>>> print(open('model-v8.pdb').read())   # PDB, C-alpha atoms, pLDDT in the B column
ATOM      1  CA  MET A   8      10.426   8.924  16.086  1.00 73.00           C
ATOM      2  CA  SER A   9       8.120   7.424  13.504  1.00 81.00           C
ATOM      3  CA  LYS A  10       8.711   5.324  10.417  1.00 86.00           C
ATOM      4  CA  PHE A  11       6.468   4.796   7.399  1.00 86.00           C
ATOM      5  CA  THR A  12       7.098   1.694   5.281  1.00 92.00           C
ATOM      6  CA  LEU A  13       5.388   0.945   1.969  1.00 95.00           C
ATOM      7  CA  GLU A  14       6.039  -1.895  -0.443  1.00 97.00           C
ATOM      8  CA  ILE A  15       4.374  -2.591  -3.784  1.00 98.00           C
ATOM      9  CA  LYS A  16       5.383  -5.539  -5.986  1.00 98.00           C
ATOM     10  CA  CYS A  17       4.632  -4.789  -9.646  1.00 97.00           C
ATOM     11  CA  GLU A  18       4.919  -8.309 -11.017  1.00 95.00           C
ATOM     12  CA  ASN A  19       1.450  -9.317 -12.163  1.00 96.00           C
ATOM     13  CA  ALA A  20      -0.987  -8.645 -15.012  1.00 97.00           C
ATOM     14  CA  ALA A  21      -2.492  -5.513 -13.441  1.00 97.00           C
ATOM     15  CA  PHE A  22       0.782  -3.678 -14.129  1.00 97.00           C
ATOM     16  CA  GLU A  23       1.353  -4.832 -17.720  1.00 96.00           C
ATOM     17  CA  ASP A  24      -0.456  -2.102 -19.669  1.00 95.00           C
ATOM     18  CA  ASP A  25      -0.033   0.918 -17.366  1.00 97.00           C
ATOM     19  CA  ARG A  26       2.447   0.301 -14.551  1.00 97.00           C
ATOM     20  CA  ALA A  27       2.570   3.948 -13.432  1.00 98.00           C
ATOM     21  CA  GLY A  28      -1.212   4.304 -13.500  1.00 98.00           C
ATOM     22  CA  GLU A  29      -1.714   1.180 -11.382  1.00 98.00           C
ATOM     23  CA  VAL A  30       0.904   2.274  -8.847  1.00 98.00           C
ATOM     24  CA  ALA A  31      -0.766   5.698  -8.657  1.00 98.00           C
ATOM     25  CA  ARG A  32      -4.168   4.056  -8.075  1.00 98.00           C
ATOM     26  CA  ILE A  33      -2.747   1.902  -5.273  1.00 97.00           C
ATOM     27  CA  LEU A  34      -1.080   4.947  -3.674  1.00 96.00           C
ATOM     28  CA  ARG A  35      -4.396   6.862  -3.727  1.00 96.00           C
ATOM     29  CA  ASP A  36      -6.034   3.898  -2.017  1.00 93.00           C
ATOM     30  CA  ALA A  37      -3.253   3.822   0.599  1.00 91.00           C
ATOM     31  CA  ALA A  38      -3.631   7.569   1.195  1.00 91.00           C
ATOM     32  CA  GLY A  39      -7.321   7.062   1.913  1.00 88.00           C
ATOM     33  CA  LYS A  40      -6.535   4.365   4.462  1.00 84.00           C
ATOM     34  CA  ILE A  41      -3.863   6.503   6.155  1.00 81.00           C
ATOM     35  CA  ALA A  42      -6.337   9.352   6.637  1.00 78.00           C
ATOM     36  CA  ILE A  43      -8.899   7.230   8.510  1.00 71.00           C
ATOM     37  CA  PRO A  44      -9.184   8.448  12.106  1.00 68.00           C
ATOM     38  CA  GLY A  45      -8.335   5.712  14.570  1.00 66.00           C
ATOM     39  CA  ALA A  46      -5.870   3.918  12.315  1.00 65.00           C
ATOM     40  CA  ILE A  47      -3.886   1.576  14.538  1.00 68.00           C
ATOM     41  CA  PRO A  48      -0.213   2.547  14.882  1.00 69.00           C
ATOM     42  CA  GLY A  49       2.032  -0.320  13.882  1.00 76.00           C
ATOM     43  CA  ALA A  50      -0.733  -2.212  12.096  1.00 82.00           C
ATOM     44  CA  GLU A  51       0.072  -3.521   8.634  1.00 89.00           C
ATOM     45  CA  TYR A  52      -2.426  -2.599   5.907  1.00 91.00           C
ATOM     46  CA  THR A  53      -2.723  -4.697   2.744  1.00 95.00           C
ATOM     47  CA  LEU A  54      -2.513  -3.090  -0.697  1.00 97.00           C
ATOM     48  CA  ARG A  55      -4.320  -4.724  -3.606  1.00 97.00           C
ATOM     49  CA  ASP A  56      -4.146  -4.313  -7.359  1.00 98.00           C
ATOM     50  CA  ILE A  57      -7.180  -3.570  -9.531  1.00 97.00           C
ATOM     51  CA  ASN A  58      -7.829  -7.339  -9.793  1.00 97.00           C
ATOM     52  CA  GLY A  59      -7.935  -7.769  -6.017  1.00 97.00           C
ATOM     53  CA  ASN A  60      -4.551  -9.464  -5.670  1.00 98.00           C
ATOM     54  CA  ARG A  61      -2.352  -8.600  -2.686  1.00 98.00           C
ATOM     55  CA  VAL A  62       0.632  -6.676  -4.056  1.00 98.00           C
ATOM     56  CA  GLY A  63       2.045  -5.026  -0.966  1.00 97.00           C
ATOM     57  CA  TYR A  64       1.498  -3.318   2.332  1.00 96.00           C
ATOM     58  CA  PHE A  65       2.103  -0.178   4.307  1.00 93.00           C
ATOM     59  CA  LYS A  66       2.859   0.254   7.971  1.00 90.00           C
ATOM     60  CA  TRP A  67       3.308   3.371  10.076  1.00 80.00           C
ATOM     61  CA  ASP A  68       5.249   2.779  13.279  1.00 79.00           C
ATOM     62  CA  HIS A  69       5.112   5.429  15.991  1.00 70.00           C
ATOM     63  CA  GLU A  70       7.753   5.340  18.667  1.00 64.00           C
ATOM     64  CA  GLY A  71       8.076   7.432  21.796  1.00 50.00           C
TER      65      GLY A  71
END
>>> encode(input="model-v8.pdb", output="structure tokens")
Amino acid sequence: MSKFTLEIKCENAAFEDDRAGEVARILRDAAGKIAIPGAIPGAEYTLRDINGNRVGYFKWDHEG
């Protein structure tokens, strides 16, 4: 079994003008990180807004 967890907090200035656009940009960034060969199972990867602030994380746990 595996579990993918992703959290993005949309509470700062980067989300004020175009919340959906900023979330989409962060998701594209996350997708690029997921596709990197050798990604460490269970490692937590930081997600940042356009201003460089930490706004969330994703983690992919592989069991069994």
>>> residues_around(input="model-v8.pdb", residues="Gly59 (chain A)", least_positions_apart="6", cutoff="12 Å", atoms="all atoms listed in the file", output="ChimeraX atom specification")
/A:19-21,33,53
>>> closest_residue(input="model-v8.pdb", among="A:Ala31, A:Ile57, A:Ala38, A:Val62", to="Glu14 (chain A)", atoms="only C-alpha atoms")
A:Val62
>>> resolve_selection(input="model-v8.pdb", expression="the PyMOL selection byres ((chain A and resi 54) around 9)", output="PyMOL selection string")
chain A and resi 14-15+33-34+36-37+52-53+55-56+59-65
>>> atom_distance(input="model-v8.pdb", atom1="CA of Glu18 (chain A)", atom2="CA of Glu51 (chain A)")
20.8 Å
>>> atom_distance(input="model-v8.pdb", atom1="CA of His69 (chain A)", atom2="CA of Phe11 (chain A)")
8.7 Å
>>> atom_distance(input="model-v8.pdb", atom1="CA of Ile41 (chain A)", atom2="CA of Lys10 (chain A)")
13.3 Å
>>> closest_residue(input="model-v8.pdb", among="A:Ala42, A:Ala50, A:Met8, A:Val30", to="Trp67 (chain A)", atoms="all atoms listed in the file")
A:Ala50
>>> decode(input="model-v8.pdb", residues="region 34-69 of chain A", atoms="N, CA and C atoms", output="CSV table (one decimal), in the first residue's frame")
chain,number,residue,atom,x,y,z
A,34,LEU,N,1.7,23.1,-7.6
A,34,LEU,CA,1.4,21.7,-8.0
A,34,LEU,C,2.3,21.3,-9.2
A,35,ARG,N,2.6,22.2,-10.1
A,35,ARG,CA,3.5,21.9,-11.2
A,35,ARG,C,4.9,21.7,-10.6
A,36,ASP,N,5.3,22.5,-9.7
A,36,ASP,CA,6.6,22.3,-9.0
A,36,ASP,C,6.7,21.0,-8.3
A,37,ALA,N,5.6,20.6,-7.6
A,37,ALA,CA,5.6,19.4,-6.9
A,37,ALA,C,5.7,18.2,-7.9
A,38,ALA,N,5.0,18.3,-9.0
A,38,ALA,CA,5.0,17.2,-10.0
A,38,ALA,C,6.4,17.0,-10.5
A,39,GLY,N,7.2,18.1,-10.7
A,39,GLY,CA,8.5,18.0,-11.1
A,39,GLY,C,9.4,17.3,-10.1
A,40,LYS,N,9.2,17.5,-8.8
A,40,LYS,CA,9.9,16.9,-7.8
A,40,LYS,C,9.6,15.4,-7.7
A,41,ILE,N,8.3,15.0,-7.9
A,41,ILE,CA,7.9,13.7,-7.8
A,41,ILE,C,8.5,12.8,-8.9
A,42,ALA,N,8.7,13.4,-10.0
A,42,ALA,CA,9.2,12.7,-11.2
A,42,ALA,C,10.7,12.4,-11.1
A,43,ILE,N,11.4,13.0,-10.2
A,43,ILE,CA,12.9,12.9,-10.1
A,43,ILE,C,13.2,11.4,-9.7
A,44,PRO,N,14.0,10.7,-10.6
A,44,PRO,CA,14.4,9.4,-10.2
A,44,PRO,C,15.2,9.4,-8.9
A,45,GLY,N,15.0,8.4,-8.1
A,45,GLY,CA,15.8,8.4,-6.8
A,45,GLY,C,15.1,9.1,-5.7
A,46,ALA,N,13.9,9.6,-5.9
A,46,ALA,CA,13.2,10.3,-4.8
A,46,ALA,C,13.1,9.4,-3.6
A,47,ILE,N,13.3,9.8,-2.5
A,47,ILE,CA,13.4,9.0,-1.3
A,47,ILE,C,12.0,8.7,-0.7
A,48,PRO,N,11.5,7.5,-0.7
A,48,PRO,CA,10.2,7.1,-0.2
A,48,PRO,C,10.1,7.6,1.3
A,49,GLY,N,9.0,8.2,1.6
A,49,GLY,CA,8.8,8.7,3.0
A,49,GLY,C,9.4,10.0,3.3
A,50,ALA,N,10.2,10.5,2.4
A,50,ALA,CA,10.8,11.8,2.7
A,50,ALA,C,9.8,12.9,2.5
A,51,GLU,N,9.9,14.0,3.2
A,51,GLU,CA,8.9,15.1,3.1
A,51,GLU,C,9.6,16.2,2.3
A,52,TYR,N,8.9,16.7,1.3
A,52,TYR,CA,9.4,17.7,0.4
A,52,TYR,C,8.7,19.0,0.6
A,53,THR,N,9.4,20.1,0.8
A,53,THR,CA,8.8,21.4,1.0
A,53,THR,C,8.3,22.0,-0.2
A,54,LEU,N,7.1,22.7,-0.1
A,54,LEU,CA,6.5,23.4,-1.2
A,54,LEU,C,6.6,24.9,-0.8
A,55,ARG,N,7.0,25.7,-1.8
A,55,ARG,CA,7.2,27.2,-1.5
A,55,ARG,C,6.3,28.0,-2.5
A,56,ASP,N,5.9,29.1,-2.0
A,56,ASP,CA,5.1,30.0,-2.9
A,56,ASP,C,6.1,30.8,-3.8
A,57,ILE,N,5.6,31.7,-4.6
A,57,ILE,CA,6.4,32.4,-5.6
A,57,ILE,C,7.4,33.3,-4.9
A,58,ASN,N,7.1,33.7,-3.6
A,58,ASN,CA,8.0,34.6,-2.9
A,58,ASN,C,9.0,33.8,-2.1
A,59,GLY,N,9.0,32.5,-2.2
A,59,GLY,CA,10.0,31.7,-1.5
A,59,GLY,C,9.6,31.2,-0.1
A,60,ASN,N,8.4,31.6,0.3
A,60,ASN,CA,7.9,31.2,1.7
A,60,ASN,C,7.4,29.7,1.7
A,61,ARG,N,7.7,29.0,2.7
A,61,ARG,CA,7.2,27.6,2.9
A,61,ARG,C,5.7,27.7,3.1
A,62,VAL,N,5.0,27.0,2.2
A,62,VAL,CA,3.5,27.0,2.3
A,62,VAL,C,2.9,25.6,2.5
A,63,GLY,N,3.8,24.6,2.4
A,63,GLY,CA,3.3,23.2,2.5
A,63,GLY,C,4.3,22.2,2.3
A,64,TYR,N,3.8,21.0,2.0
A,64,TYR,CA,4.7,19.8,1.8
A,64,TYR,C,4.0,18.7,1.1
A,65,PHE,N,4.8,17.8,0.5
A,65,PHE,CA,4.2,16.5,0.1
A,65,PHE,C,5.1,15.4,0.5
A,66,LYS,N,4.4,14.2,0.7
A,66,LYS,CA,5.1,13.1,1.2
A,66,LYS,C,4.5,11.8,0.5
A,67,TRP,N,5.3,10.9,0.0
A,67,TRP,CA,4.8,9.7,-0.6
A,67,TRP,C,5.3,8.5,0.2
A,68,ASP,N,4.5,7.9,1.0
A,68,ASP,CA,4.9,6.7,1.8
A,68,ASP,C,4.6,5.5,1.0
A,69,HIS,N,5.6,4.6,1.0
A,69,HIS,CA,5.4,3.3,0.3
A,69,HIS,C,5.5,2.2,1.4
